[in-house]
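Source file: protein_39.csv (CSV, C-alpha atoms)
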chain,number,residue,atom,x,y,z
A,1,MET,CA,-88.5,25.6,-73.9
A,2,ILE,CA,-89.0,21.9,-72.9
A,3,ALA,CA,-90.0,19.6,-75.8
A,4,MET,CA,-93.0,17.4,-75.6
A,5,PRO,CA,-92.7,13.6,-76.2
A,6,ASP,CA,-93.9,14.0,-79.8
A,7,GLY,CA,-91.3,16.7,-80.5
A,8,GLU,CA,-93.7,19.6,-80.4
A,9,PRO,CA,-92.7,22.4,-78.1
A,10,CYS,CA,-94.6,22.6,-74.8
A,11,GLY,CA,-97.6,25.1,-75.2
A,12,SER,CA,-97.6,25.2,-79.0
A,13,ARG,CA,-100.5,22.8,-79.5
A,14,SER,CA,-104.0,24.3,-79.6
A,15,PRO,CA,-106.7,22.6,-77.5
A,16,ASP,CA,-109.3,20.4,-79.3
A,17,PRO,CA,-112.8,21.9,-78.8
A,18,ALA,CA,-114.3,18.4,-78.8
A,19,ASP,CA,-112.0,17.3,-76.0
A,20,PRO,CA,-113.8,17.5,-72.6
A,21,HIS,CA,-110.4,17.6,-70.8
A,22,PRO,CA,-108.2,19.7,-73.2
A,23,LEU,CA,-105.4,20.2,-70.6
A,24,ARG,CA,-105.0,16.6,-69.3
A,25,PRO,CA,-102.3,15.6,-71.8
A,26,ARG,CA,-100.3,18.7,-71.2
A,27,ILE,CA,-100.6,18.3,-67.4
A,28,ARG,CA,-99.6,14.6,-67.7
A,29,ALA,CA,-96.6,15.6,-69.8
A,30,ARG,CA,-95.5,18.3,-67.5
A,31,GLY,CA,-95.9,16.0,-64.4
A,32,GLY,CA,-93.8,13.3,-66.0
A,33,LEU,CA,-91.1,15.9,-66.8
A,34,VAL,CA,-91.0,17.1,-63.2
A,35,ALA,CA,-90.7,13.6,-61.8
A,36,LEU,CA,-87.9,12.9,-64.3
A,37,ALA,CA,-86.1,16.1,-63.3
A,38,ILE,CA,-86.4,15.2,-59.6
A,39,ALA,CA,-85.1,11.7,-60.2
A,40,LEU,CA,-82.1,13.0,-62.2
A,41,LEU,CA,-81.3,15.5,-59.4
A,42,VAL,CA,-81.4,12.8,-56.7
A,43,ALA,CA,-79.3,10.5,-58.9
A,44,CYS,CA,-76.7,13.2,-59.6
A,45,HIS,CA,-76.6,14.2,-55.9
A,46,SER,CA,-76.1,10.5,-54.8
A,47,ILE,CA,-73.3,10.0,-57.3
A,48,GLY,CA,-71.4,13.2,-56.9
A,49,THR,CA,-71.4,13.9,-53.1
A,50,VAL,CA,-69.6,12.4,-50.2
A,51,PRO,CA,-71.8,11.3,-47.2
A,52,ARG,CA,-71.6,13.6,-44.2
A,53,GLN,CA,-68.8,12.4,-41.9
A,54,ALA,CA,-68.6,12.6,-38.1
A,55,TRP,CA,-66.1,14.8,-36.4
A,56,ASN,CA,-64.6,13.8,-33.0
A,57,GLU,CA,-64.8,17.2,-31.4
A,58,ARG,CA,-63.7,16.0,-28.0
A,59,ARG,CA,-60.5,14.7,-29.4
A,60,PHE,CA,-59.7,17.2,-32.1
A,61,GLY,CA,-61.4,20.4,-30.9
A,62,PRO,CA,-64.2,22.4,-32.5
A,63,LEU,CA,-64.8,21.9,-36.2
A,64,VAL,CA,-64.0,25.1,-38.0
A,65,PRO,CA,-63.9,26.1,-41.7
A,66,HIS,CA,-60.5,25.6,-43.3
A,67,HIS,CA,-60.6,28.9,-45.1
A,68,THR,CA,-56.8,29.3,-45.1
A,69,PHE,CA,-56.0,25.6,-45.6
A,70,PRO,CA,-55.0,24.0,-49.0
A,71,SER,CA,-58.0,22.9,-51.0
A,72,ASP,CA,-56.6,19.4,-51.6
A,73,CYS,CA,-58.1,17.6,-48.6
A,74,SER,CA,-56.1,14.4,-49.4
A,75,LEU,CA,-53.0,16.2,-48.2
A,76,CYS,CA,-54.0,15.4,-44.6
A,77,HIS,CA,-57.2,13.2,-44.6
A,78,VAL,CA,-58.0,9.7,-45.8
A,79,PRO,CA,-60.9,9.7,-48.3
A,80,GLU,CA,-63.3,7.8,-46.0
A,81,ARG,CA,-63.2,9.9,-42.8
A,82,TRP,CA,-62.5,13.5,-42.1
A,83,ASP,CA,-61.4,12.7,-38.5
A,84,VAL,CA,-58.6,10.3,-39.6
A,85,LEU,CA,-55.3,11.7,-40.9
A,86,LYS,CA,-53.7,9.7,-43.6
A,87,PRO,CA,-51.0,7.2,-42.4
A,88,GLY,CA,-48.2,9.0,-44.1
A,89,PHE,CA,-49.1,12.5,-42.9
A,90,ALA,CA,-46.2,14.2,-41.1
A,91,PHE,CA,-45.4,17.8,-40.4
A,92,ASP,CA,-42.0,18.8,-39.0
A,93,HIS,CA,-43.2,21.8,-37.0
A,94,LEU,CA,-39.7,22.9,-36.0
A,95,ALA,CA,-38.3,22.7,-39.5
A,96,GLN,CA,-41.4,24.4,-41.1
A,97,THR,CA,-42.2,27.0,-38.5
A,98,GLY,CA,-39.1,27.4,-36.3
A,99,VAL,CA,-41.3,26.5,-33.2
A,100,ALA,CA,-40.7,23.1,-31.5
A,101,LEU,CA,-43.7,21.3,-30.1
A,102,GLU,CA,-42.8,20.0,-26.6
A,103,GLY,CA,-44.7,18.2,-23.9
A,104,ALA,CA,-48.4,18.1,-24.3
A,105,HIS,CA,-48.2,20.4,-27.3
A,106,ALA,CA,-46.6,17.6,-29.3
A,107,THR,CA,-49.8,15.5,-29.1
A,108,ALA,CA,-52.4,18.3,-29.4
A,109,ALA,CA,-54.7,18.4,-32.4
A,110,CYS,CA,-53.6,20.8,-35.0
A,111,LEU,CA,-56.9,22.7,-34.9
A,112,ARG,CA,-56.3,23.5,-31.2
A,113,CYS,CA,-53.9,26.2,-32.3
A,114,HIS,CA,-54.5,26.6,-36.0
A,115,ASN,CA,-58.2,27.6,-36.4
A,116,ASP,CA,-60.2,30.4,-37.8
A,117,ARG,CA,-60.0,32.6,-34.7
A,118,GLY,CA,-57.2,34.3,-36.4
A,119,PRO,CA,-53.5,34.0,-37.4
A,120,VAL,CA,-51.7,31.8,-34.8
A,121,ARG,CA,-48.8,34.3,-34.7
A,122,GLU,CA,-51.2,36.8,-33.0
A,123,PHE,CA,-51.7,34.3,-30.1
A,124,ALA,CA,-48.1,33.1,-30.0
A,125,VAL,CA,-46.8,36.6,-29.2
A,126,ARG,CA,-48.9,36.6,-26.0
A,127,GLY,CA,-47.0,33.5,-24.7
A,128,CYS,CA,-49.0,31.0,-22.7
A,129,GLY,CA,-51.8,33.5,-22.1
A,130,GLY,CA,-52.5,33.4,-25.9
A,131,CYS,CA,-54.2,30.0,-25.5
A,132,HIS,CA,-54.4,29.4,-21.8
A,133,VAL,CA,-56.7,31.5,-19.6
A,134,ASP,CA,-54.8,32.9,-16.7
A,135,PRO,CA,-56.6,31.8,-13.5
A,136,HIS,CA,-54.4,34.2,-11.5
A,137,GLU,CA,-55.8,37.2,-13.3
A,138,ALA,CA,-52.3,38.4,-14.3
A,139,THR,CA,-51.3,38.9,-10.7
A,140,LEU,CA,-48.3,36.6,-10.9
A,141,GLY,CA,-47.0,38.0,-14.2
A,142,ALA,CA,-47.0,36.6,-17.7
A,143,ASP,CA,-44.2,34.1,-17.3
A,144,CYS,CA,-46.2,30.9,-16.6
A,145,THR,CA,-43.0,28.8,-16.8
A,146,GLN,CA,-42.1,30.0,-13.3
A,147,CYS,CA,-44.5,27.4,-11.9
A,148,HIS,CA,-45.8,25.4,-14.9
A,149,ASP,CA,-44.2,23.2,-17.6
A,150,THR,CA,-45.5,22.0,-21.0
A,151,THR,CA,-46.0,18.4,-19.8
A,152,THR,CA,-49.0,19.1,-17.5
A,153,TRP,CA,-50.6,22.3,-16.3
A,154,GLN,CA,-50.0,21.3,-12.7
A,155,PRO,CA,-47.6,23.6,-10.9
A,156,THR,CA,-44.0,22.4,-10.3
A,157,GLY,CA,-41.3,23.6,-8.0
A,158,ARG,CA,-43.6,24.1,-5.0
A,159,ILE,CA,-41.6,21.9,-2.6
A,160,ALA,CA,-38.4,23.9,-3.3
A,161,GLU,CA,-40.2,27.2,-2.9
A,162,HIS,CA,-41.9,26.1,0.3
A,163,ALA,CA,-38.6,25.0,1.7
A,164,ARG,CA,-37.7,28.6,2.0
A,165,THR,CA,-40.8,29.5,4.0
A,166,ARG,CA,-41.9,28.8,7.6
A,167,PHE,CA,-43.9,25.7,6.4
A,168,PRO,CA,-41.8,23.2,4.3
A,169,LEU,CA,-44.0,20.7,2.5
A,170,SER,CA,-43.6,17.1,3.5
A,171,GLY,CA,-45.8,14.0,3.4
A,172,ALA,CA,-49.3,14.5,2.1
A,173,HIS,CA,-48.8,18.2,2.0
A,174,ALA,CA,-46.4,17.9,-0.9
A,175,ALA,CA,-49.2,16.4,-3.1
A,176,ALA,CA,-52.0,18.8,-2.0
A,177,ALA,CA,-53.3,21.4,-4.4
A,178,CYS,CA,-52.2,25.0,-3.7
A,179,ASP,CA,-55.7,26.2,-3.0
A,180,ARG,CA,-56.3,23.6,-0.4
A,181,CYS,CA,-54.3,25.8,2.0
A,182,HIS,CA,-54.1,29.1,0.0
A,183,GLU,CA,-57.8,29.8,-0.7
A,184,GLN,CA,-56.9,32.8,-2.8
A,185,ALA,CA,-54.2,31.1,-4.8
A,186,ARG,CA,-56.0,31.6,-8.1
A,187,VAL,CA,-55.6,35.4,-7.7
A,188,GLY,CA,-52.0,35.1,-6.6
A,189,ARG,CA,-52.4,35.6,-2.9
A,190,PHE,CA,-50.2,33.1,-1.0
A,191,VAL,CA,-49.1,35.0,2.0
A,192,GLY,CA,-50.7,34.9,5.4
A,193,ALA,CA,-51.8,31.3,5.3
A,194,SER,CA,-51.9,29.6,8.8
A,195,ILE,CA,-49.3,27.0,9.6
A,196,GLU,CA,-51.4,25.5,12.5
A,197,CYS,CA,-52.7,22.0,11.7
A,198,VAL,CA,-56.1,22.6,13.3
A,199,ASP,CA,-56.9,25.6,11.0
A,200,CYS,CA,-57.0,23.2,8.0
A,201,HIS,CA,-58.1,20.0,9.8
A,202,GLN,CA,-61.2,21.2,11.6
A,203,ASP,CA,-63.2,18.3,10.1
A,204,ASP,CA,-60.7,15.7,11.2
A,205,LEU,CA,-60.7,17.2,14.7
A,206,ALA,CA,-64.5,17.1,14.9
A,207,ALA,CA,-64.5,13.5,13.8
A,208,ALA,CA,-61.9,12.2,16.2
A,209,SER,CA,-63.5,9.8,18.7
A,210,ASP,CA,-60.7,7.6,19.9
A,211,PRO,CA,-60.0,9.7,21.8
A,212,ASP,CA,-62.5,12.5,21.6
A,213,HIS,CA,-60.0,15.4,21.1
A,214,ALA,CA,-62.4,18.2,21.7
A,215,ALA,CA,-63.7,16.7,25.0
A,216,LEU,CA,-60.1,16.4,26.2
A,217,GLY,CA,-59.3,19.9,25.2
A,218,ASP,CA,-56.4,18.6,23.1
A,219,VAL,CA,-57.1,20.7,19.9
A,220,ARG,CA,-53.9,22.5,19.1
A,221,SER,CA,-50.8,20.3,19.5
A,222,CYS,CA,-51.6,17.9,16.6
A,223,GLN,CA,-48.0,17.2,15.8
A,224,ARG,CA,-47.6,15.4,19.2
A,225,CYS,CA,-49.4,12.4,17.8
A,226,HIS,CA,-49.9,13.0,14.0
A,227,SER,CA,-47.4,13.4,11.2
A,228,PRO,CA,-47.8,14.9,7.7
A,229,THR,CA,-47.6,11.4,6.1
A,230,ALA,CA,-51.1,10.3,7.1
A,231,TRP,CA,-53.6,11.8,9.5
A,232,SER,CA,-54.9,8.4,10.8
A,233,ALA,CA,-51.5,6.9,11.6
A,234,ALA,CA,-51.2,8.7,15.0
A,235,HIS,CA,-48.6,7.8,17.5
A,236,TYR,CA,-48.1,9.3,20.9
A,237,SER,CA,-44.6,8.9,22.2
A,238,HIS,CA,-45.7,8.2,25.9
A,239,PRO,CA,-42.5,9.5,27.4
A,240,SER,CA,-43.5,8.5,31.0
A,241,TRP,CA,-44.6,5.0,29.9
A,242,PRO,CA,-43.0,4.0,26.6
A,243,LEU,CA,-45.1,1.9,24.3
A,244,GLN,CA,-43.3,-1.3,23.5
A,245,GLY,CA,-44.2,-4.5,21.7
A,246,ARG,CA,-47.9,-5.0,21.4
A,247,HIS,CA,-48.7,-1.9,23.3
A,248,ARG,CA,-47.6,0.1,20.3
A,249,ALA,CA,-50.5,-1.3,18.2
A,250,ALA,CA,-53.1,-1.0,21.0
A,251,ALA,CA,-55.9,1.6,20.6
A,252,CYS,CA,-55.9,4.4,23.2
A,253,ALA,CA,-59.2,3.3,24.6
A,254,ASP,CA,-57.7,-0.2,25.4
A,255,CYS,CA,-55.9,1.3,28.3
A,256,HIS,CA,-57.6,4.7,28.8
A,257,ALA,CA,-61.2,3.5,29.2
A,258,GLY,CA,-63.9,6.1,29.0
A,259,GLY,CA,-61.6,8.6,27.5
A,260,ILE,CA,-59.9,9.3,30.9
A,261,TYR,CA,-56.2,9.8,30.3
A,262,SER,CA,-55.0,10.9,33.7
A,263,GLY,CA,-54.4,8.5,36.6
A,264,THR,CA,-54.2,5.4,34.4
A,265,PRO,CA,-52.5,2.6,36.3
A,266,ARG,CA,-49.1,1.5,35.0
A,267,ASP,CA,-48.9,-2.0,36.5
A,268,CYS,CA,-49.7,-4.9,34.1
A,269,PHE,CA,-52.3,-6.6,36.4
A,270,SER,CA,-54.6,-3.6,36.2
A,271,CYS,CA,-55.1,-4.2,32.5
A,272,HIS,CA,-54.4,-7.9,32.4
A,273,ALA,CA,-56.4,-9.2,35.4
A,274,ALA,CA,-58.6,-11.3,33.0
A,275,ASP,CA,-55.5,-12.9,31.4
A,276,TYR,CA,-54.2,-13.7,34.9
A,277,ALA,CA,-57.5,-15.4,35.8
A,278,ALA,CA,-57.7,-17.4,32.6
A,279,THR,CA,-54.2,-19.0,32.9
A,280,SER,CA,-54.2,-22.8,33.1
A,281,ASP,CA,-50.6,-23.9,32.5
A,282,PRO,CA,-49.9,-23.0,35.1
A,283,ASP,CA,-53.0,-21.7,37.0
A,284,HIS,CA,-51.4,-18.6,38.4
A,285,ALA,CA,-53.8,-18.1,41.2
A,286,ALA,CA,-53.7,-21.7,42.4
A,287,ALA,CA,-49.9,-21.8,42.1
A,288,GLY,CA,-49.7,-18.7,44.3
A,289,PHE,CA,-48.1,-16.6,41.6
A,290,GLY,CA,-48.1,-12.9,42.3
A,291,THR,CA,-49.4,-10.2,40.1
A,292,THR,CA,-46.0,-8.8,39.0
A,293,CYS,CA,-46.5,-10.1,35.5
A,294,GLU,CA,-43.3,-8.6,34.3
A,295,ASP,CA,-41.4,-11.4,36.2
A,296,CYS,CA,-42.3,-13.8,33.5
A,297,HIS,CA,-44.0,-11.8,30.7
A,298,THR,CA,-42.9,-9.1,28.3
A,299,PRO,CA,-44.9,-6.7,26.1
A,300,ILE,CA,-43.9,-8.6,23.0
A,301,GLY,CA,-46.3,-11.5,23.7
A,302,TRP,CA,-48.6,-12.6,26.5
A,303,GLY,CA,-48.4,-16.3,25.6
A,304,ARG,CA,-45.8,-18.4,27.3
A,305,GLY,CA,-44.0,-16.6,30.0
A,306,GLY,CA,-40.3,-15.8,30.0
A,307,PHE,CA,-39.4,-16.9,33.5
A,308,ASP,CA,-35.6,-17.1,33.8
A,309,HIS,CA,-34.5,-20.3,35.6
A,310,GLY,CA,-31.1,-18.8,35.6
A,311,SER,CA,-27.8,-20.8,35.8
A,312,ALA,CA,-29.1,-23.0,38.7
A,313,PHE,CA,-31.2,-25.1,36.3
A,314,PRO,CA,-31.2,-23.7,32.8
A,315,LEU,CA,-34.1,-24.9,30.6
A,316,THR,CA,-32.0,-26.2,27.7
A,317,GLY,CA,-32.0,-29.3,25.6
A,318,PRO,CA,-34.6,-31.9,26.7
A,319,HIS,CA,-35.5,-29.6,29.7
A,320,ALA,CA,-37.0,-26.9,27.5
A,321,LEU,CA,-40.5,-28.0,28.6
A,322,ASN,CA,-43.8,-26.5,29.7
A,323,CYS,CA,-43.9,-25.5,33.4
A,324,SER,CA,-46.3,-28.3,34.3
A,325,ASP,CA,-44.0,-31.0,32.9
A,326,CYS,CA,-41.8,-30.7,36.0
A,327,HIS,CA,-44.1,-28.8,38.4
A,328,THR,CA,-46.7,-31.5,38.4
A,329,THR,CA,-48.6,-30.4,41.5
A,330,GLY,CA,-49.2,-26.9,40.3
A,331,THR,CA,-47.2,-25.5,43.2
A,332,TYR,CA,-43.9,-24.2,41.9
A,333,PRO,CA,-41.7,-24.5,44.9
A,334,THR,CA,-42.0,-28.2,44.4
A,335,PHE,CA,-41.1,-30.2,41.3
A,336,SER,CA,-40.6,-33.8,40.2
A,337,CYS,CA,-37.7,-35.5,38.5
A,338,THR,CA,-38.5,-39.2,39.2
A,339,HIS,CA,-41.8,-39.2,37.3
A,340,CYS,CA,-40.1,-38.4,34.0
A,341,HIS,CA,-36.7,-40.2,34.2
A,342,ALA,CA,-36.9,-43.9,33.8
A,343,HIS,CA,-35.0,-44.9,36.9
A,344,SER,CA,-36.7,-47.4,39.3
A,345,LYS,CA,-36.2,-47.0,43.0
A,346,PRO,CA,-34.5,-50.4,43.6
A,347,GLU,CA,-32.1,-49.8,40.7
A,348,MET,CA,-31.2,-46.3,41.9
A,349,ASP,CA,-30.9,-47.5,45.5
A,350,ASP,CA,-28.4,-50.1,44.5
A,351,GLU,CA,-26.5,-47.7,42.3
A,352,HIS,CA,-26.3,-45.1,45.1
A,353,ASP,CA,-25.4,-47.4,48.0
A,354,ASP,CA,-22.1,-45.7,48.4
A,355,VAL,CA,-23.5,-42.2,48.3
A,356,GLY,CA,-23.9,-40.6,51.6
A,357,GLY,CA,-27.2,-38.9,52.3
A,358,TYR,CA,-28.8,-40.5,49.3
A,359,SER,CA,-32.6,-40.7,49.2
A,360,TRP,CA,-35.1,-41.5,46.4
A,361,SER,CA,-36.6,-38.0,46.1
A,362,SER,CA,-36.6,-35.2,43.5
A,363,PRO,CA,-35.1,-32.6,45.8
A,364,GLN,CA,-32.2,-35.0,46.4
A,365,CYS,CA,-31.8,-35.7,42.7
A,366,TYR,CA,-31.6,-31.9,42.2
A,367,ALA,CA,-29.1,-31.5,45.0
A,368,CYS,CA,-26.7,-33.8,43.3
A,369,HIS,CA,-27.6,-33.0,39.7
A,370,PRO,CA,-28.4,-29.3,39.7
A,371,ARG,CA,-28.1,-29.1,35.9
A,372,GLY,CA,-29.8,-32.3,35.2
A,373,LYS,CA,-26.6,-34.0,34.3
A,374,GLU,CA,-24.0,-36.2,36.0
Spit out the file's structure as structure tokens when you get a sec.
Amino acid sequence: MIAMPDGEPCGSRSPDPADPHPLRPRIRARGGLVALAIALLVACHSIGTVPRQAWNERRFGPLVPHHTFPSDCSLCHVPERWDVLKPGFAFDHLAQTGVALEGAHATAACLRCHNDRGPVREFAVRGCGGCHVDPHEATLGADCTQCHDTTTWQPTGRIAEHARTRFPLSGAHAAAACDRCHEQARVGRFVGASIECVDCHQDDLAAASDPDHAALGDVRSCQRCHSPTAWSAAHYSHPSWPLQGRHRAAACADCHAGGIYSGTPRDCFSCHAADYAATSDPDHAAAGFGTTCEDCHTPIGWGRGGFDHGSAFPLTGPHALNCSDCHTTGTYPTFSCTHCHAHSKPEMDDEHDDVGGYSWSSPQCYACHPRGKE
């Protein structure tokens, strides 16, 4: 029985007949007691409980009751947070259980294996399949270590296995997921996959525009131009017209206009007529140069020509000049020596007065000085 403020037990006082509200004091007293009791409960709850703490489920796995764990939480946790282990926490898994944690298992949260699904030994006897769902539906056996290791779940040893098949893995194929080529790899079916490039690369074939492979009917022999390293780095060997110098970097359409690959001219001028017309030093057309570009030019660079003066007049030393420096008229059978060398005619006439056949002319200079020397 709850005592009233005056010490009289609640409900023991008789109502006063003269009081128009005989129950008011009793109601007030009881209301005060209820409020006091609620206040005490709130105070006790505030003092004696720990605020609810967040659990990092993504990092540590699902939060499960620790029914089989020690009741002393401070063995593992810091007082402030349930998701933080105490700094000195350590558990020698090998020494305590006889099972070494290797690879990704060494960094896995404890609750990933030790939880209230049941004793961990029941899962351990099943091997990898105790924790990892078998995507192959048990068609490849229970020994997952044949293809997987504990570091990552990605399969290993595929390159060595494939080396014993009709399709060794190289280039980008070595990094491709198994099911990119073996559509039923998840259920353990690897045989019967095609080794033809086009059967996997239909989308690449449809998108090929330079040249349009489908229009040309060239849809099966991908390996003639492509390699497993990269699909875009194609290179055709051009056995009948080897690609050298800058021709190696040219796009197919640069020479095969309109996607026409048969009957393409092989002479330089057919492709380089515009370059021929744009020449100014020397002006090839005005100089009467022919269109056998290879006489002076090479596939390495179209710039300055590589005309070989030969041993008759090698372009060495101070004579390593532009063509127009000596061939001043633009006609290359003629040349000038006297405009460059500082020899006056009277001076040279006097110096050559004992030379038979001497004349003040460039051809005569060359006749006596074929190498530009004494």
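Between A:Cys144 and the candidates A:Gly157, A:Gly192, A:Gly127, A:Pro239, the tightest atom-to-atom separation, counting only C-alpha atoms, involves A:Gly127.
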Query raised in the report: What separation in Å, quoted to one decimal, exists between atom CA of A:His162 and atom CA of A:Thr229?
Result: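 Going from atom CA of A:His162 over to atom CA of A:Thr229 covers 16.8 Å.
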Quick one: axis-aligned box around all listed atoms of stretch 242-254 of chain A, 3 Å on every side, centre and edge lengths in Å to one decimal, written as AutoDock Vina command-line options.
--center_x -51.1 --center_y -0.3 --center_z 22.4 --size_x 22.2 --size_y 15.4 --size_z 14.4
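Counting all atoms listed in the file, the residue from A:Ser194, A:Thr107, A:Gln96, A:Gln184 that sits nearest to A:His136 is A:Gln184.
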Query - Atom-to-atom span, atom CA of A:His114 and atom CA of A:Phe69, Å - result: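 Between atom CA of A:His114 and atom CA of A:Phe69 the gap works out to 9.8 Å.
Distance-wise, atom CA of A:Cys365 and atom CA of A:Thr329 end up 17.7 Å apart.
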Query - Distance query stretch 258-275 of chain A at most 10 Å, all atoms listed in the file, self and fewer than 4 positions along chain excluded, as an MDAnalysis selection string - result: chainID A and resid 209:213 215:216 240:241 252:254 279 284 290:294 297:299 302:303
Requested in this report: Counting only C-alpha atoms, select every polymer residue within 10 Å of (-49.8, 15.4, 14.9) as defined in the file's coordinates, and provide the selection as a PyMOL selection string.
Outcome: chain A and resi 197-198+220-236
Have stretch 183-200 of chain A completed to N, CA and C atoms, please, and pass it along as an mmCIF file, keeping the file's coordinate frame.
data_model
loop_
_atom_site.group_PDB
_atom_site.id
_atom_site.type_symbol
_atom_site.label_atom_id
_atom_site.label_comp_id
_atom_site.auth_asym_id
_atom_site.auth_seq_id
_atom_site.Cartn_x
_atom_site.Cartn_y
_atom_site.Cartn_z
ATOM 1 N N GLU A 183 -56.452 29.698 -0.062
ATOM 2 C CA GLU A 183 -57.800 29.800 -0.700
ATOM 3 C C GLU A 183 -57.802 30.819 -1.817
ATOM 4 N N GLN A 184 -56.917 31.794 -1.794
ATOM 5 C CA GLN A 184 -56.900 32.800 -2.800
ATOM 6 C C GLN A 184 -55.710 32.613 -3.784
ATOM 7 N N ALA A 185 -55.298 31.362 -3.930
ATOM 8 C CA ALA A 185 -54.200 31.100 -4.800
ATOM 9 C C ALA A 185 -54.424 31.456 -6.238
ATOM 10 N N ARG A 186 -55.663 31.333 -6.688
ATOM 11 C CA ARG A 186 -56.000 31.600 -8.100
ATOM 12 C C ARG A 186 -55.772 33.085 -8.435
ATOM 13 N N VAL A 187 -55.840 33.943 -7.457
ATOM 14 C CA VAL A 187 -55.600 35.400 -7.700
ATOM 15 C C VAL A 187 -54.235 35.780 -7.195
ATOM 16 N N GLY A 188 -53.371 34.791 -6.972
ATOM 17 C CA GLY A 188 -52.000 35.100 -6.600
ATOM 18 C C GLY A 188 -51.715 35.519 -5.227
ATOM 19 N N ARG A 189 -52.601 35.198 -4.302
ATOM 20 C CA ARG A 189 -52.400 35.600 -2.900
ATOM 21 C C ARG A 189 -52.021 34.337 -2.101
ATOM 22 N N PHE A 190 -50.743 34.266 -1.731
ATOM 23 C CA PHE A 190 -50.200 33.100 -1.000
ATOM 24 C C PHE A 190 -49.775 33.417 0.392
ATOM 25 N N VAL A 191 -49.582 34.659 0.699
ATOM 26 C CA VAL A 191 -49.100 35.000 2.000
ATOM 27 C C VAL A 191 -50.174 35.002 3.043
ATOM 28 N N GLY A 192 -49.755 34.827 4.305
ATOM 29 C CA GLY A 192 -50.700 34.900 5.400
ATOM 30 C C GLY A 192 -51.431 33.617 5.719
ATOM 31 N N ALA A 193 -51.128 32.534 5.025
ATOM 32 C CA ALA A 193 -51.800 31.300 5.300
ATOM 33 C C ALA A 193 -51.314 30.735 6.682
ATOM 34 N N SER A 194 -52.221 30.145 7.426
ATOM 35 C CA SER A 194 -51.900 29.600 8.800
ATOM 36 C C SER A 194 -51.017 28.384 8.641
ATOM 37 N N ILE A 195 -50.126 28.218 9.597
ATOM 38 C CA ILE A 195 -49.300 27.000 9.600
ATOM 39 C C ILE A 195 -49.764 26.074 10.760
ATOM 40 N N GLU A 196 -50.870 26.396 11.404
ATOM 41 C CA GLU A 196 -51.400 25.500 12.500
ATOM 42 C C GLU A 196 -52.252 24.422 11.844
ATOM 43 N N CYS A 197 -51.986 23.184 12.248
ATOM 44 C CA CYS A 197 -52.700 22.000 11.700
ATOM 45 C C CYS A 197 -54.215 22.178 11.817
ATOM 46 N N VAL A 198 -54.660 22.602 12.967
ATOM 47 C CA VAL A 198 -56.100 22.600 13.300
ATOM 48 C C VAL A 198 -56.847 23.573 12.353
ATOM 49 N N ASP A 199 -56.189 24.589 11.826
ATOM 50 C CA ASP A 199 -56.900 25.600 11.000
ATOM 51 C C ASP A 199 -57.291 24.931 9.641
ATOM 52 N N CYS A 200 -56.591 23.886 9.213
ATOM 53 C CA CYS A 200 -57.000 23.200 8.000
ATOM 54 C C CYS A 200 -57.734 21.891 8.266
#
